There are 2 protein chains.
Amino acid sequence: MNFESINLEAKFACFSDHWSPRVVAELNDYQFKLVKAEGEFVWHSHQETAEAFIVVEGTLEIEFRDGTVTLSAGELFVVPKGVEHRPVARGECKILLLEPRNVVNTGNAGGELTAKNDVWI
Amino acid sequence: MNFESINLEAKFACFSDHWSPRVVAELNDYQFKLVKAEGEFVWHSHQETAEAFIVVEGTLEIEFRDGTVTLSAGELFVVPKGVEHRPVARGECKILLLEPRNVVNTGNAGGELTAKNDVWI
């Protein structure tokens, strides 16, 4: 067994690209992923699962078709399963994501922001 | 849909007892729980699931039979399924826990530190 804690700041320091999740830990069949966000992501939904966002640094807006949630550092929000959303970061934002293994970042939308899945740091 | 983010500090300010988890959000069949810890918890294990700890403030030691993990603020650790452990906080520590719904805090051990489950704030 590995008795080392996972320091989120140290892990965030290991990469710089935006919208490209890195896996840092697994909990059963779920994965903790770190994401650096900046700018506008694509509208998408995940038909198979809800998705949890915890903002570690900066501010993240999650737009929905009928409203917006603004997340500051130390705030959590769970996007319900199947609900269309678009994350937007006006400045760089560091996010801890939690979702089941194999969830693709762009969900049903695809496109050029689709990241390789299951990339560990 | 509720477009309000969940502010962890504001939620922690709503209670003061130790070792008594409060649920703040659900992700599919998992729950995010806040715990204030101080002192020594009981040795226990969860036969059915792993359990994720994120320290928000303070320091938490998780003792295992063959080693100890020390978690500072901003650090994450996943206790594997079925592995005996004992959380210890030398001073007060604020923890964000993630585990499936219905997991009891003392696992297989029971005893007086067993908290009521599924208490939301």
# chains A, B, ... in the order shown; residues from 1 in each chain; ligands from 1
>>> residues_around(residues="Ala50 (chain A)", least_positions_apart="4", cutoff="9 Å", atoms="only C-alpha atoms", output="list of chain:residue names")
A:His46, A:Val78, A:Val79, A:Pro80, A:Lys81, A:Gly82, A:Val83, A:Glu99, A:Pro100, B:Leu27, B:Asn28
>>> interface_residues(of="chain A", to="chain B", cutoff="10 Å", atoms="only C-alpha atoms", output="PyMOL selection string")
chain A and resi 1-10+24-30+32+48-54+56+62-64+66-81+98-100
>>> residues_around(residues="Ile121 (chain B)", least_positions_apart="6", cutoff="8 Å", atoms="only C-alpha atoms", output="PDB file with N, CA and C atoms, in the first residue's frame")
ATOM      1  N   LYS B  11     -20.974  25.712   5.089  1.00  0.00           N
ATOM      2  CA  LYS B  11     -21.593  24.484   5.614  1.00  0.00           C
ATOM      3  C   LYS B  11     -20.890  24.030   6.897  1.00  0.00           C
ATOM      4  N   CYS B  14     -22.054  25.489  10.138  1.00  0.00           N
ATOM      5  CA  CYS B  14     -23.400  25.115  10.618  1.00  0.00           C
ATOM      6  C   CYS B  14     -23.391  24.055  11.718  1.00  0.00           C
ATOM      7  N   ARG B  22     -21.984  15.228   8.022  1.00  0.00           N
ATOM      8  CA  ARG B  22     -23.152  15.903   7.458  1.00  0.00           C
ATOM      9  C   ARG B  22     -23.086  15.785   5.941  1.00  0.00           C
ATOM     10  N   VAL B  23     -24.170  15.388   5.328  1.00  0.00           N
ATOM     11  CA  VAL B  23     -24.218  15.260   3.867  1.00  0.00           C
ATOM     12  C   VAL B  23     -24.518  16.628   3.252  1.00  0.00           C
ATOM     13  N   VAL B  24     -23.742  17.012   2.232  1.00  0.00           N
ATOM     14  CA  VAL B  24     -23.988  18.287   1.559  1.00  0.00           C
ATOM     15  C   VAL B  24     -24.385  18.116   0.096  1.00  0.00           C
TER      16      VAL B  24
END
>>> residues_around(residues="Gly110 (chain B)", least_positions_apart="6", cutoff="9 Å", atoms="only C-alpha atoms", output="number ranges by chain")
B: 42, 44, 104
>>> atom_distance(atom1="CA of Glu92 (chain B)", atom2="CA of Ala37 (chain B)")
5.6 Å
>>> atom_distance(atom1="CA of Leu97 (chain A)", atom2="CA of Asn117 (chain A)")
13.2 Å
>>> residues_around(residues="Thr106 (chain B)", least_positions_apart="5", cutoff="10 Å", atoms="only C-alpha atoms", output="VMD selection string")
chain B and resid 19 41 to 46 86 111 to 115
>>> closest_residue(among="B:Asp17, B:Gly107, B:Glu61, B:Lys116", to="Pro87 (chain B)", atoms="only C-alpha atoms")
B:Glu61
>>> closest_residue(among="B:Arg65, B:Asn108, B:Val88, B:Trp120", to="Ser20 (chain B)", atoms="only C-alpha atoms")
B:Trp120
>>> select_by_dssp(residues="chain B", states="alpha helix (DSSP H)", output="MDAnalysis selection string")
chainID B and resid 8:12
>>> select_by_dssp(residues="chain B", states="strand (DSSP E or B)", output="PDB file with N, CA and C atoms, in the first residue's frame")
ATOM      1  N   ILE B   6     -22.456  25.060  -3.468  1.00  0.00           N
ATOM      2  CA  ILE B   6     -22.361  24.647  -2.063  1.00  0.00           C
ATOM      3  C   ILE B   6     -21.028  25.128  -1.529  1.00  0.00           C
ATOM      4  N   ASN B   7     -21.093  26.102  -0.612  1.00  0.00           N
ATOM      5  CA  ASN B   7     -19.875  26.656  -0.050  1.00  0.00           C
ATOM      6  C   ASN B   7     -19.458  25.839   1.169  1.00  0.00           C
ATOM      7  N   ARG B  22     -21.984  15.228   8.022  1.00  0.00           N
ATOM      8  CA  ARG B  22     -23.152  15.903   7.458  1.00  0.00           C
ATOM      9  C   ARG B  22     -23.086  15.785   5.941  1.00  0.00           C
ATOM     10  N   VAL B  23     -24.170  15.388   5.328  1.00  0.00           N
ATOM     11  CA  VAL B  23     -24.218  15.260   3.867  1.00  0.00           C
ATOM     12  C   VAL B  23     -24.518  16.628   3.252  1.00  0.00           C
ATOM     13  N   VAL B  24     -23.742  17.012   2.232  1.00  0.00           N
ATOM     14  CA  VAL B  24     -23.988  18.287   1.559  1.00  0.00           C
ATOM     15  C   VAL B  24     -24.385  18.116   0.096  1.00  0.00           C
ATOM     16  N   ALA B  25     -24.113  16.950  -0.486  1.00  0.00           N
ATOM     17  CA  ALA B  25     -24.472  16.754  -1.894  1.00  0.00           C
ATOM     18  C   ALA B  25     -24.414  15.268  -2.228  1.00  0.00           C
ATOM     19  N   GLU B  26     -25.141  14.909  -3.265  1.00  0.00           N
ATOM     20  CA  GLU B  26     -25.071  13.541  -3.790  1.00  0.00           C
ATOM     21  C   GLU B  26     -24.629  13.557  -5.244  1.00  0.00           C
ATOM     22  N   LEU B  27     -23.835  12.563  -5.571  1.00  0.00           N
ATOM     23  CA  LEU B  27     -23.392  12.345  -6.953  1.00  0.00           C
ATOM     24  C   LEU B  27     -23.785  10.914  -7.292  1.00  0.00           C
ATOM     25  N   TYR B  30     -23.472   8.250  -4.591  1.00  0.00           N
ATOM     26  CA  TYR B  30     -22.409   8.637  -3.650  1.00  0.00           C
ATOM     27  C   TYR B  30     -22.820   9.909  -2.904  1.00  0.00           C
ATOM     28  N   GLN B  31     -22.243  10.079  -1.729  1.00  0.00           N
ATOM     29  CA  GLN B  31     -22.524  11.293  -0.958  1.00  0.00           C
ATOM     30  C   GLN B  31     -21.231  12.026  -0.601  1.00  0.00           C
ATOM     31  N   PHE B  32     -21.273  13.347  -0.727  1.00  0.00           N
ATOM     32  CA  PHE B  32     -20.242  14.216  -0.170  1.00  0.00           C
ATOM     33  C   PHE B  32     -20.647  14.550   1.256  1.00  0.00           C
ATOM     34  N   LYS B  33     -19.738  14.286   2.195  1.00  0.00           N
ATOM     35  CA  LYS B  33     -20.030  14.541   3.596  1.00  0.00           C
ATOM     36  C   LYS B  33     -18.946  15.425   4.192  1.00  0.00           C
ATOM     37  N   LEU B  34     -19.350  16.316   5.080  1.00  0.00           N
ATOM     38  CA  LEU B  34     -18.391  17.113   5.839  1.00  0.00           C
ATOM     39  C   LEU B  34     -18.262  16.536   7.238  1.00  0.00           C
ATOM     40  N   VAL B  35     -17.035  16.486   7.722  1.00  0.00           N
ATOM     41  CA  VAL B  35     -16.779  15.997   9.077  1.00  0.00           C
ATOM     42  C   VAL B  35     -15.795  16.941   9.757  1.00  0.00           C
ATOM     43  N   LYS B  36     -16.100  17.278  11.015  1.00  0.00           N
ATOM     44  CA  LYS B  36     -15.089  17.911  11.863  1.00  0.00           C
ATOM     45  C   LYS B  36     -14.501  16.821  12.752  1.00  0.00           C
ATOM     46  N   ALA B  37     -13.181  16.730  12.759  1.00  0.00           N
ATOM     47  CA  ALA B  37     -12.514  15.670  13.499  1.00  0.00           C
ATOM     48  C   ALA B  37     -11.626  16.279  14.568  1.00  0.00           C
ATOM     49  N   GLU B  38     -11.585  15.656  15.709  1.00  0.00           N
ATOM     50  CA  GLU B  38     -10.598  16.012  16.736  1.00  0.00           C
ATOM     51  C   GLU B  38     -10.416  14.824  17.664  1.00  0.00           C
ATOM     52  N   GLY B  39      -9.149  14.456  17.868  1.00  0.00           N
ATOM     53  CA  GLY B  39      -8.853  13.309  18.714  1.00  0.00           C
ATOM     54  C   GLY B  39      -8.754  12.031  17.892  1.00  0.00           C
ATOM     55  N   GLU B  40      -8.921  10.913  18.587  1.00  0.00           N
ATOM     56  CA  GLU B  40      -8.743   9.604  17.941  1.00  0.00           C
ATOM     57  C   GLU B  40     -10.094   8.970  17.637  1.00  0.00           C
ATOM     58  N   HIS B  44     -11.435   0.770  12.322  1.00  0.00           N
ATOM     59  CA  HIS B  44     -12.583   0.154  11.636  1.00  0.00           C
ATOM     60  C   HIS B  44     -12.231  -0.058  10.172  1.00  0.00           C
ATOM     61  N   GLU B  51     -13.037   4.670   0.473  1.00  0.00           N
ATOM     62  CA  GLU B  51     -13.537   5.898   1.103  1.00  0.00           C
ATOM     63  C   GLU B  51     -12.511   6.997   0.825  1.00  0.00           C
ATOM     64  N   ALA B  52     -12.978   8.131   0.302  1.00  0.00           N
ATOM     65  CA  ALA B  52     -12.048   9.211  -0.030  1.00  0.00           C
ATOM     66  C   ALA B  52     -12.094  10.313   1.012  1.00  0.00           C
ATOM     67  N   PHE B  53     -10.909  10.766   1.436  1.00  0.00           N
ATOM     68  CA  PHE B  53     -10.761  11.862   2.390  1.00  0.00           C
ATOM     69  C   PHE B  53     -10.071  13.033   1.682  1.00  0.00           C
ATOM     70  N   ILE B  54     -10.649  14.217   1.786  1.00  0.00           N
ATOM     71  CA  ILE B  54      -9.964  15.440   1.359  1.00  0.00           C
ATOM     72  C   ILE B  54      -9.931  16.368   2.567  1.00  0.00           C
ATOM     73  N   VAL B  55      -8.735  16.762   2.981  1.00  0.00           N
ATOM     74  CA  VAL B  55      -8.645  17.669   4.122  1.00  0.00           C
ATOM     75  C   VAL B  55      -8.798  19.109   3.634  1.00  0.00           C
ATOM     76  N   VAL B  56      -9.737  19.816   4.248  1.00  0.00           N
ATOM     77  CA  VAL B  56     -10.042  21.205   3.880  1.00  0.00           C
ATOM     78  C   VAL B  56      -9.283  22.166   4.793  1.00  0.00           C
ATOM     79  N   GLU B  57      -9.138  21.803   6.059  1.00  0.00           N
ATOM     80  CA  GLU B  57      -8.419  22.652   7.028  1.00  0.00           C
ATOM     81  C   GLU B  57      -7.856  21.764   8.131  1.00  0.00           C
ATOM     82  N   LEU B  60      -4.888  15.729   9.244  1.00  0.00           N
ATOM     83  CA  LEU B  60      -5.474  14.442   9.617  1.00  0.00           C
ATOM     84  C   LEU B  60      -4.454  13.342   9.394  1.00  0.00           C
ATOM     85  N   GLU B  61      -4.294  12.519  10.404  1.00  0.00           N
ATOM     86  CA  GLU B  61      -3.496  11.301  10.214  1.00  0.00           C
ATOM     87  C   GLU B  61      -4.462  10.146  10.031  1.00  0.00           C
ATOM     88  N   ILE B  62      -4.176   9.300   9.071  1.00  0.00           N
ATOM     89  CA  ILE B  62      -4.942   8.063   8.941  1.00  0.00           C
ATOM     90  C   ILE B  62      -3.973   6.928   9.226  1.00  0.00           C
ATOM     91  N   GLU B  63      -4.196   6.284  10.344  1.00  0.00           N
ATOM     92  CA  GLU B  63      -3.329   5.173  10.738  1.00  0.00           C
ATOM     93  C   GLU B  63      -3.818   3.887  10.099  1.00  0.00           C
ATOM     94  N   PHE B  64      -2.856   3.102   9.642  1.00  0.00           N
ATOM     95  CA  PHE B  64      -3.122   1.752   9.157  1.00  0.00           C
ATOM     96  C   PHE B  64      -2.309   0.795  10.018  1.00  0.00           C
ATOM     97  N   GLY B  67       1.317   1.377   8.704  1.00  0.00           N
ATOM     98  CA  GLY B  67       1.821   2.680   8.271  1.00  0.00           C
ATOM     99  C   GLY B  67       0.818   3.778   8.554  1.00  0.00           C
ATOM    100  N   THR B  68       1.219   5.017   8.300  1.00  0.00           N
ATOM    101  CA  THR B  68       0.343   6.170   8.548  1.00  0.00           C
ATOM    102  C   THR B  68       0.431   7.132   7.373  1.00  0.00           C
ATOM    103  N   VAL B  69      -0.708   7.684   6.978  1.00  0.00           N
ATOM    104  CA  VAL B  69      -0.740   8.747   5.979  1.00  0.00           C
ATOM    105  C   VAL B  69      -1.088  10.045   6.696  1.00  0.00           C
ATOM    106  N   THR B  70      -0.335  11.089   6.423  1.00  0.00           N
ATOM    107  CA  THR B  70      -0.639  12.398   7.004  1.00  0.00           C
ATOM    108  C   THR B  70      -1.174  13.310   5.908  1.00  0.00           C
ATOM    109  N   LEU B  71      -2.360  13.845   6.140  1.00  0.00           N
ATOM    110  CA  LEU B  71      -3.030  14.691   5.156  1.00  0.00           C
ATOM    111  C   LEU B  71      -3.114  16.127   5.668  1.00  0.00           C
ATOM    112  N   GLU B  75      -5.108  18.128   0.498  1.00  0.00           N
ATOM    113  CA  GLU B  75      -4.599  16.793   0.160  1.00  0.00           C
ATOM    114  C   GLU B  75      -5.714  15.742   0.229  1.00  0.00           C
ATOM    115  N   LEU B  76      -5.547  14.758  -0.607  1.00  0.00           N
ATOM    116  CA  LEU B  76      -6.548  13.717  -0.842  1.00  0.00           C
ATOM    117  C   LEU B  76      -5.931  12.352  -0.569  1.00  0.00           C
ATOM    118  N   PHE B  77      -6.746  11.450  -0.021  1.00  0.00           N
ATOM    119  CA  PHE B  77      -6.301  10.061   0.106  1.00  0.00           C
ATOM    120  C   PHE B  77      -7.515   9.149   0.018  1.00  0.00           C
ATOM    121  N   VAL B  78      -7.334   8.027  -0.669  1.00  0.00           N
ATOM    122  CA  VAL B  78      -8.419   7.054  -0.774  1.00  0.00           C
ATOM    123  C   VAL B  78      -8.039   5.818   0.033  1.00  0.00           C
ATOM    124  N   VAL B  79      -8.816   5.536   1.057  1.00  0.00           N
ATOM    125  CA  VAL B  79      -8.607   4.329   1.866  1.00  0.00           C
ATOM    126  C   VAL B  79      -9.216   3.161   1.096  1.00  0.00           C
ATOM    127  N   HIS B  85      -8.421   1.016   9.338  1.00  0.00           N
ATOM    128  CA  HIS B  85      -7.781   2.322   9.487  1.00  0.00           C
ATOM    129  C   HIS B  85      -8.349   3.034  10.702  1.00  0.00           C
ATOM    130  N   ARG B  86      -7.604   4.021  11.177  1.00  0.00           N
ATOM    131  CA  ARG B  86      -8.055   4.845  12.292  1.00  0.00           C
ATOM    132  C   ARG B  86      -7.676   6.297  12.030  1.00  0.00           C
ATOM    133  N   PRO B  87      -8.647   7.176  11.782  1.00  0.00           N
ATOM    134  CA  PRO B  87      -8.354   8.605  11.636  1.00  0.00           C
ATOM    135  C   PRO B  87      -8.021   9.212  13.003  1.00  0.00           C
ATOM    136  N   VAL B  88      -6.998  10.057  13.004  1.00  0.00           N
ATOM    137  CA  VAL B  88      -6.579  10.752  14.221  1.00  0.00           C
ATOM    138  C   VAL B  88      -6.302  12.217  13.866  1.00  0.00           C
ATOM    139  N   ALA B  89      -6.898  13.132  14.623  1.00  0.00           N
ATOM    140  CA  ALA B  89      -6.647  14.567  14.414  1.00  0.00           C
ATOM    141  C   ALA B  89      -6.096  15.146  15.705  1.00  0.00           C
ATOM    142  N   ARG B  90      -4.861  15.644  15.668  1.00  0.00           N
ATOM    143  CA  ARG B  90      -4.236  16.196  16.886  1.00  0.00           C
ATOM    144  C   ARG B  90      -4.915  17.508  17.279  1.00  0.00           C
ATOM    145  N   GLY B  91      -5.294  18.312  16.282  1.00  0.00           N
ATOM    146  CA  GLY B  91      -6.109  19.507  16.522  1.00  0.00           C
ATOM    147  C   GLY B  91      -7.368  19.347  15.698  1.00  0.00           C
ATOM    148  N   GLU B  92      -8.249  20.328  15.728  1.00  0.00           N
ATOM    149  CA  GLU B  92      -9.472  20.170  14.929  1.00  0.00           C
ATOM    150  C   GLU B  92      -9.135  20.186  13.444  1.00  0.00           C
ATOM    151  N   CYS B  93      -9.808  19.355  12.718  1.00  0.00           N
ATOM    152  CA  CYS B  93      -9.543  19.178  11.295  1.00  0.00           C
ATOM    153  C   CYS B  93     -10.885  19.123  10.563  1.00  0.00           C
ATOM    154  N   LYS B  94     -10.948  19.789   9.414  1.00  0.00           N
ATOM    155  CA  LYS B  94     -12.175  19.769   8.611  1.00  0.00           C
ATOM    156  C   LYS B  94     -11.954  18.901   7.375  1.00  0.00           C
ATOM    157  N   ILE B  95     -12.847  17.957   7.191  1.00  0.00           N
ATOM    158  CA  ILE B  95     -12.668  16.941   6.157  1.00  0.00           C
ATOM    159  C   ILE B  95     -13.879  16.879   5.232  1.00  0.00           C
ATOM    160  N   LEU B  96     -13.597  16.732   3.949  1.00  0.00           N
ATOM    161  CA  LEU B  96     -14.633  16.400   2.968  1.00  0.00           C
ATOM    162  C   LEU B  96     -14.471  14.925   2.634  1.00  0.00           C
ATOM    163  N   LEU B  97     -15.527  14.170   2.897  1.00  0.00           N
ATOM    164  CA  LEU B  97     -15.517  12.721   2.655  1.00  0.00           C
ATOM    165  C   LEU B  97     -16.343  12.407   1.428  1.00  0.00           C
ATOM    166  N   LEU B  98     -15.943  11.398   0.696  1.00  0.00           N
ATOM    167  CA  LEU B  98     -16.793  10.911  -0.370  1.00  0.00           C
ATOM    168  C   LEU B  98     -16.869   9.396  -0.305  1.00  0.00           C
ATOM    169  N   GLU B  99     -18.095   8.903  -0.286  1.00  0.00           N
ATOM    170  CA  GLU B  99     -18.320   7.456  -0.202  1.00  0.00           C
ATOM    171  C   GLU B  99     -19.752   7.165  -0.635  1.00  0.00           C
ATOM    172  N   PRO B 100     -20.066   5.902  -0.892  1.00  0.00           N
ATOM    173  CA  PRO B 100     -21.438   5.588  -1.310  1.00  0.00           C
ATOM    174  C   PRO B 100     -22.438   5.907  -0.199  1.00  0.00           C
ATOM    175  N   TRP B 120     -28.402  15.618   6.551  1.00  0.00           N
ATOM    176  CA  TRP B 120     -28.071  16.690   5.588  1.00  0.00           C
ATOM    177  C   TRP B 120     -27.987  18.050   6.272  1.00  0.00           C
TER     178      TRP B 120
END
